[in-house]
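Some notes on the structure that comes next.
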There are 2 protein chains.
Amino acid sequence: MSDPVSPEAHADATGFLPGLAIDTVIVGFHEDQLKILLLEYRNTNLFALPGGFVREDENLNDAARRVLSERTGLQDIYLEQFYTFGDRNRYDAEAMRTIMRNNGTEPEENHWLLRRFVSVGYYALVDFTQVTPRPDALSDRCEWYDLAQLPPLMQDHTQIVEKALETLRENLDRKLIGFNLLPDTFTMGDLQRLYETVMGQSLHRPSFQRKMLGLGILERVAKKWTGGAHKAPYLYRFVSGKPSEVA
Amino acid sequence: MSDPVSPEAHADATGFLPGLAIDTVIVGFHEDQLKILLLEYRNTNLFALPGGFVREDENLNDAARRVLSERTGLQDIYLEQFYTFGDRNRYDAEAMRTIMRNNGTEPEENHWLLRRFVSVGYYALVDFTQVTPRPDALSDRCEWYDLAQLPPLMQDHTQIVEKALETLRENLDRKLIGFNLLPDTFTMGDLQRLYETVMGQSLHRPSFQRKMLGLGILERVAKKWTGGAHKAPYLYRFVSGKPSEVA
DNA sequence: TCAAAAGTGTTAACCCTACACCCATGC
DNA sequence: GCATGGGTGTAGGGTTAACACTTTTGA
């Protein structure tokens, strides 16, 4: 991967589309909590969403997929473009200057990374257990953070997360994408807790079970669970393969 | 308005964000047909969606509003960003070269308008009767076209229209935005025909009426209609002012 | 008087909620 | 046994579809 702050990168021949960025909200689910991946930039206390730029010969959606697989180590992830953020004052040159300085590069005035960027927002739903978070060239940490208690984020990234969540809530029932946050097999209880966490409200167990089964997209796996002091729940599987369509 | 092909515009100081465009699908409703505004470029047979570029000091959404009011003469229109189109091969330099030649400018090789563009798509819902279509600097015609029989469009504009319609269908009930396509007052029949046209299916009249009245967002205007050989329908008005929020 | 369009009432089907009850399992 | 979690049966309420009926108006 080409490094956007390496010395050979210069203003107009970076190999990336100018003024355009990608930010991804990578969502996981673990211990009844929604998590997202955040980067922490080297020697700073700046947190940011995983992002990147679009190569001159690369489709926009492919760039998002590339960022995603670079940070998670996974292919074929459910990914959806949800909004493009283009407010004039959303970009914070001072923060970017700090990041570059702490990476050993004194940015020249008018460096392309210091200018205004429009950013296309994507959200991705991943199986938490499958992800190996990997920092990018500018950051020394890439970790899961509880959505309920995020640190302050760079630029307008808090708003981006907000809007991603809004979209996720709207689409959870409509597009039946929640399964992408769970492992291949899961119990009805797992699924219900996921729905309750995303929607922020408790749901009635019998109704939920019948609704989900009525959709005809769950296959009951013969195997059962070996668990605690109670009836063993069935394991279910989502019938069609996990869709990774970018739409 | 600055003219993107005027001689003083040059590659890196155009005053616009590079590589980024806006395309708007401006939807109207007239005689039981959905219409959209199309531009026809001068001395060509090329049809395109109304579009534009983003000024360096302008918010992305404000640029869309500006394009919209320039083409329609209206302010406070319902406008929604729905998708950003960024395929590598979506831009067609040859068509753009033709357009510029027919406007009396021989474009230098590598002119900024001939390069790759990523385009943010917006759709707008307007009251057909209030719009005065106005061509832009490059086109000599700006007119309504029947959505059911559009001419071939430039680049990927046909796909953009498709996706705008998909989004409109999904949002029609959810966001209650259909009223933006009608005049201030309308009959229940008008509203039903609009819904039927957008959704592409016929609806049951008594159910539709009760559903709409049950939403509590329609006010019955005392005045009645003077029409044909049948009972005079009530005129209704949408209770809250027309929202023009870009979200 | 009739046809056409508009408004309203009635009934039945459907879905979802809520509650109840049974099953399995480890303590 | 009994508490706990999982699965299913059943009654009630709300919503919607389908049909019927009435009202208004010009030909």
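Following the order of the structure tokens, chains are lettered A, B, ..., residues in each are numbered from 1, and ligands are numbered from 1.
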
task = Identify, with DSSP run on backbone atoms, the residues in stretch 44-233 of chain A assigned to helix (DSSP H, G or I), and express the list as a count of residues only.
result = 77

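Using only C-alpha atoms (C1' of nucleotides), the residues found no farther than 12 Å from D:DC21, other than those of its own chain fewer than 6 positions away, are DG7, DT8, DG9 and DT10 of chain C.
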
key: Å distance separating atom CA of A:Lys211 from atom CA of A:Asp173, one decimal place   =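 Here the two named atoms are 10.7 Å from each other.
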
request  = Could you check which of A:Ser69, A:Ala229, A:Gly28, A:Asn103 is closest to chain D, using only C-alpha atoms (C1' of nucleotides)?
outcome  =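 Of A:Ser69, A:Ala229, A:Gly28, A:Asn103, the one nearest chain D, counting only C-alpha atoms (C1' of nucleotides), is A:Ala229.
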
ask   = Hey, what does DSSP flag as strand (DSSP E or B) within stretch 101-171 of chain B? Can you give it to me as a list of chain:residue names?
value = B:Val118, B:Ser119, B:Val120, B:Gly121, B:Tyr122, B:Tyr123, B:Ala124, B:Leu125, B:Ser139, B:Asp140, B:Arg141, B:Cys142, B:Glu143, B:Trp144, B:Tyr145, B:Asp146, B:Leu153

Grab the residues selected above and save them as a tab-separated table (two decimals), in the first residue's frame with all heavy atoms.
chain	number	residue	atom	x	y	z
B	118	VAL	N	-16.22	11.96	-9.38
B	118	VAL	CA	-17.13	11.28	-8.47
B	118	VAL	C	-18.32	12.20	-8.28
B	118	VAL	O	-18.15	13.41	-8.13
B	118	VAL	CB	-16.45	10.98	-7.13
B	118	VAL	CG1	-17.46	10.55	-6.07
B	118	VAL	CG2	-15.37	9.92	-7.30
B	119	SER	N	-19.52	11.64	-8.33
B	119	SER	CA	-20.69	12.50	-8.30
B	119	SER	C	-21.64	12.13	-7.17
B	119	SER	O	-21.99	10.97	-6.99
B	119	SER	CB	-21.43	12.40	-9.64
B	119	SER	OG	-22.47	13.34	-9.66
B	120	VAL	N	-22.04	13.16	-6.42
B	120	VAL	CA	-22.99	12.96	-5.34
B	120	VAL	C	-24.39	13.16	-5.88
B	120	VAL	O	-24.69	14.21	-6.46
B	120	VAL	CB	-22.72	13.93	-4.18
B	120	VAL	CG1	-23.67	13.67	-3.02
B	120	VAL	CG2	-21.27	13.81	-3.72
B	121	GLY	N	-25.25	12.16	-5.72
B	121	GLY	CA	-26.60	12.20	-6.26
B	121	GLY	C	-27.61	12.73	-5.25
B	121	GLY	O	-27.61	12.32	-4.10
B	122	TYR	N	-28.45	13.64	-5.70
B	122	TYR	CA	-29.55	14.17	-4.89
B	122	TYR	C	-30.84	13.99	-5.67
B	122	TYR	O	-30.84	14.05	-6.89
B	122	TYR	CB	-29.36	15.67	-4.64
B	122	TYR	CG	-28.25	16.02	-3.68
B	122	TYR	CD1	-26.93	16.05	-4.11
B	122	TYR	CD2	-28.52	16.34	-2.36
B	122	TYR	CE1	-25.91	16.39	-3.23
B	122	TYR	CE2	-27.50	16.68	-1.48
B	122	TYR	CZ	-26.21	16.69	-1.92
B	122	TYR	OH	-25.21	17.02	-1.05
B	123	TYR	N	-31.92	13.80	-4.95
B	123	TYR	CA	-33.21	13.94	-5.63
B	123	TYR	C	-34.02	15.02	-4.95
B	123	TYR	O	-33.90	15.24	-3.74
B	123	TYR	CB	-33.97	12.61	-5.73
B	123	TYR	CG	-34.59	12.09	-4.46
B	123	TYR	CD1	-35.85	12.51	-4.05
B	123	TYR	CD2	-33.94	11.14	-3.70
B	123	TYR	CE1	-36.44	12.01	-2.89
B	123	TYR	CE2	-34.50	10.64	-2.55
B	123	TYR	CZ	-35.75	11.08	-2.15
B	123	TYR	OH	-36.31	10.59	-1.00
B	124	ALA	N	-34.82	15.68	-5.76
B	124	ALA	CA	-35.64	16.79	-5.27
B	124	ALA	C	-37.07	16.54	-5.69
B	124	ALA	O	-37.33	16.03	-6.78
B	124	ALA	CB	-35.15	18.11	-5.84
B	125	LEU	N	-38.00	16.88	-4.81
B	125	LEU	CA	-39.42	16.75	-5.13
B	125	LEU	C	-40.01	18.15	-5.22
B	125	LEU	O	-39.93	18.92	-4.27
B	125	LEU	CB	-40.14	15.95	-4.04
B	125	LEU	CG	-39.54	14.57	-3.74
B	125	LEU	CD1	-40.37	13.85	-2.68
B	125	LEU	CD2	-39.43	13.74	-4.99
B	139	SER	N	-26.08	24.29	-21.92
B	139	SER	CA	-27.20	23.62	-22.58
B	139	SER	C	-28.15	24.67	-23.14
B	139	SER	O	-28.21	25.79	-22.67
B	139	SER	CB	-27.91	22.72	-21.60
B	139	SER	OG	-28.21	23.42	-20.42
B	140	ASP	N	-28.89	24.28	-24.14
B	140	ASP	CA	-29.85	25.23	-24.66
B	140	ASP	C	-31.28	24.85	-24.31
B	140	ASP	O	-32.20	25.60	-24.61
B	140	ASP	CB	-29.69	25.43	-26.17
B	140	ASP	CG	-29.58	24.14	-26.91
B	140	ASP	OD1	-29.89	23.08	-26.32
B	140	ASP	OD2	-29.20	24.15	-28.07
B	141	ARG	N	-31.45	23.69	-23.69
B	141	ARG	CA	-32.81	23.32	-23.30
B	141	ARG	C	-32.80	22.68	-21.92
B	141	ARG	O	-31.90	21.92	-21.59
B	141	ARG	CB	-33.42	22.37	-24.32
B	141	ARG	CG	-33.49	22.99	-25.71
B	141	ARG	CD	-33.94	21.98	-26.73
B	141	ARG	NE	-35.33	21.61	-26.54
B	141	ARG	CZ	-35.97	20.70	-27.29
B	141	ARG	NH1	-35.30	20.05	-28.24
B	141	ARG	NH2	-37.23	20.43	-27.08
B	142	CYS	N	-33.81	23.00	-21.16
B	142	CYS	CA	-34.03	22.35	-19.87
B	142	CYS	C	-35.51	22.09	-19.79
B	142	CYS	O	-36.30	23.03	-19.67
B	142	CYS	CB	-33.55	23.26	-18.73
B	142	CYS	SG	-33.80	22.56	-17.08
B	143	GLU	N	-35.89	20.83	-19.90
B	143	GLU	CA	-37.32	20.53	-20.00
B	143	GLU	C	-37.71	19.29	-19.21
B	143	GLU	O	-36.88	18.46	-18.87
B	143	GLU	CB	-37.70	20.32	-21.48
B	143	GLU	CG	-37.69	21.61	-22.26
B	143	GLU	CD	-37.95	21.38	-23.74
B	143	GLU	OE1	-38.25	20.24	-24.12
B	143	GLU	OE2	-37.82	22.36	-24.51
B	144	TRP	N	-39.00	19.19	-18.97
B	144	TRP	CA	-39.56	18.02	-18.30
B	144	TRP	C	-39.64	16.84	-19.27
B	144	TRP	O	-40.06	17.00	-20.41
B	144	TRP	CB	-40.96	18.32	-17.79
B	144	TRP	CG	-41.01	19.27	-16.63
B	144	TRP	CD1	-41.45	20.57	-16.66
B	144	TRP	CD2	-40.64	19.01	-15.28
B	144	TRP	NE1	-41.37	21.12	-15.40
B	144	TRP	CE2	-40.88	20.18	-14.54
B	144	TRP	CE3	-40.14	17.89	-14.61
B	144	TRP	CZ2	-40.61	20.26	-13.17
B	144	TRP	CZ3	-39.89	17.98	-13.27
B	144	TRP	CH2	-40.13	19.16	-12.55
B	145	TYR	N	-39.27	15.68	-18.79
B	145	TYR	CA	-39.42	14.46	-19.57
B	145	TYR	C	-40.15	13.42	-18.76
B	145	TYR	O	-39.96	13.31	-17.54
B	145	TYR	CB	-38.06	13.91	-20.02
B	145	TYR	CG	-37.45	14.72	-21.12
B	145	TYR	CD1	-36.78	15.91	-20.83
B	145	TYR	CD2	-37.57	14.33	-22.44
B	145	TYR	CE1	-36.24	16.68	-21.84
B	145	TYR	CE2	-37.02	15.09	-23.46
B	145	TYR	CZ	-36.37	16.26	-23.16
B	145	TYR	OH	-35.84	17.02	-24.17
B	146	ASP	N	-40.98	12.69	-19.47
B	146	ASP	CA	-41.71	11.61	-18.84
B	146	ASP	C	-40.75	10.55	-18.33
B	146	ASP	O	-39.92	10.04	-19.09
B	146	ASP	CB	-42.65	10.99	-19.88
B	146	ASP	CG	-44.02	10.82	-19.32
B	146	ASP	OD1	-44.37	11.57	-18.40
B	146	ASP	OD2	-44.73	9.95	-19.81
B	153	LEU	N	-29.46	8.74	-21.73
B	153	LEU	CA	-28.77	9.78	-20.98
B	153	LEU	C	-27.26	9.57	-21.00
B	153	LEU	O	-26.77	8.46	-21.18
B	153	LEU	CB	-29.25	9.78	-19.52
B	153	LEU	CG	-30.75	9.95	-19.29
B	153	LEU	CD1	-31.05	10.04	-17.81
B	153	LEU	CD2	-31.26	11.19	-20.01

request  = Using only C-alpha atoms (C1' of nucleotides), select each residue of chain A with any atom at most 8 Å away from an atom of chain D, and give the selection as a VMD selection string.
outcome  = chain A and resid 229 to 233

Pull out every residue of chain A that has at least one atom within 12 Å of chain B, counting only C-alpha atoms, and report them as a PDB file with C-alpha atoms, in the first residue's frame.
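Produced file result.pdb, reproduced below:
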ATOM      1  CA  ALA A  11       0.589  17.662  -3.974  1.00  0.00           C
ATOM      2  CA  ASP A  12      -0.720  16.663  -7.363  1.00  0.00           C
ATOM      3  CA  PHE A  16      -5.213   9.330  -5.091  1.00  0.00           C
ATOM      4  CA  LEU A  17      -8.276  11.304  -6.099  1.00  0.00           C
ATOM      5  CA  PRO A  18      -7.817  14.777  -4.621  1.00  0.00           C
ATOM      6  CA  GLY A  19     -10.085  16.095  -1.911  1.00  0.00           C
ATOM      7  CA  LEU A  20     -11.957  12.833  -1.497  1.00  0.00           C
ATOM      8  CA  ALA A  21     -11.760  10.480   1.470  1.00  0.00           C
ATOM      9  CA  ILE A  22     -13.530   7.435   2.781  1.00  0.00           C
ATOM     10  CA  VAL A  54      -9.420   6.468  -3.474  1.00  0.00           C
ATOM     11  CA  ARG A  55      -6.797   5.476  -5.995  1.00  0.00           C
ATOM     12  CA  GLU A  56      -7.029   7.101  -9.378  1.00  0.00           C
ATOM     13  CA  ASP A  57      -7.815   3.802 -11.070  1.00  0.00           C
ATOM     14  CA  GLU A  58     -10.028   2.394  -8.318  1.00  0.00           C
ATOM     15  CA  ASN A  59     -13.801   2.307  -7.976  1.00  0.00           C
ATOM     16  CA  LEU A  60     -15.102   4.217  -4.963  1.00  0.00           C
ATOM     17  CA  ASN A  61     -16.751   1.156  -3.453  1.00  0.00           C
ATOM     18  CA  ASP A  62     -13.636  -0.922  -4.042  1.00  0.00           C
ATOM     19  CA  ALA A  63     -11.636   1.609  -2.082  1.00  0.00           C
ATOM     20  CA  ALA A  64     -14.012   1.152   0.829  1.00  0.00           C
ATOM     21  CA  GLU A  80     -23.040  -0.170   2.762  1.00  0.00           C
ATOM     22  CA  GLN A  81     -22.502   3.394   1.676  1.00  0.00           C
ATOM     23  CA  PHE A  82     -24.759   5.648   3.739  1.00  0.00           C
ATOM     24  CA  TYR A  83     -23.906   9.305   3.360  1.00  0.00           C
ATOM     25  CA  THR A  84     -21.367  11.739   1.974  1.00  0.00           C
ATOM     26  CA  PHE A  85     -20.133  14.410   4.337  1.00  0.00           C
ATOM     27  CA  GLY A  86     -19.183  17.628   2.661  1.00  0.00           C
ATOM     28  CA  ASP A  87     -19.488  20.546   5.017  1.00  0.00           C
ATOM     29  CA  ARG A  88     -16.941  23.225   4.325  1.00  0.00           C
ATOM     30  CA  ASN A  89     -15.599  23.327   7.862  1.00  0.00           C
ATOM     31  CA  ARG A  90     -15.597  19.610   8.620  1.00  0.00           C
ATOM     32  CA  TYR A  91     -11.894  19.264   8.011  1.00  0.00           C
ATOM     33  CA  ARG A 115      -6.831  20.827   2.548  1.00  0.00           C
ATOM     34  CA  ARG A 116     -10.549  20.381   2.562  1.00  0.00           C
ATOM     35  CA  PHE A 117     -11.868  16.840   2.114  1.00  0.00           C
ATOM     36  CA  VAL A 118     -15.263  15.478   1.238  1.00  0.00           C
ATOM     37  CA  SER A 119     -15.724  12.076   2.791  1.00  0.00           C
ATOM     38  CA  VAL A 120     -17.934   9.201   1.741  1.00  0.00           C
ATOM     39  CA  GLY A 121     -19.241   7.291   4.744  1.00  0.00           C
ATOM     40  CA  TYR A 122     -19.665   3.523   4.793  1.00  0.00           C
ATOM     41  CA  LYS A 163     -25.616   8.806  11.150  1.00  0.00           C
ATOM     42  CA  GLU A 166     -29.358   5.803  12.431  1.00  0.00           C
ATOM     43  CA  THR A 167     -29.078   4.106   9.075  1.00  0.00           C
ATOM     44  CA  GLU A 170     -33.599   1.917   9.825  1.00  0.00           C
ATOM     45  CA  ASN A 171     -32.212  -0.984   7.813  1.00  0.00           C
ATOM     46  CA  ARG A 174     -35.968  -3.669   6.308  1.00  0.00           C
ATOM     47  CA  LYS A 175     -32.878  -5.319   4.899  1.00  0.00           C
ATOM     48  CA  VAL A 246     -22.330  -2.578  -1.612  1.00  0.00           C
ATOM     49  CA  ALA A 247     -25.550  -0.785  -2.438  1.00  0.00           C
TER      50      ALA A 247
END

inquiry  = Using only C-alpha atoms (C1' of nucleotides) and a distance of at most 12 Å, pull out the residues of chain A that contact chain C, as a list in words.
reply    =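 Taking only C-alpha atoms (C1' of nucleotides) into account, Leu203, His204, Arg205, Pro206, Ser207, Phe208, Arg210, Lys211, Gly214, Lys224, Trp225, Thr226, Gly227, Gly228, Ala229, His230, Lys231, Ala232, Pro233 and Tyr234 of chain A sit within 12 Å of chain C.
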
note = Atom pair atom CA of A:Ser240 + atom CA of A:Pro133, distance 26.8 Å

inquiry  = What does the structure give for the distance between atom CA of B:Tyr236 and atom CA of B:Phe186, in Å to one decimal?
reply    =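 Between atom CA of B:Tyr236 and atom CA of B:Phe186 the gap works out to 5.4 Å.
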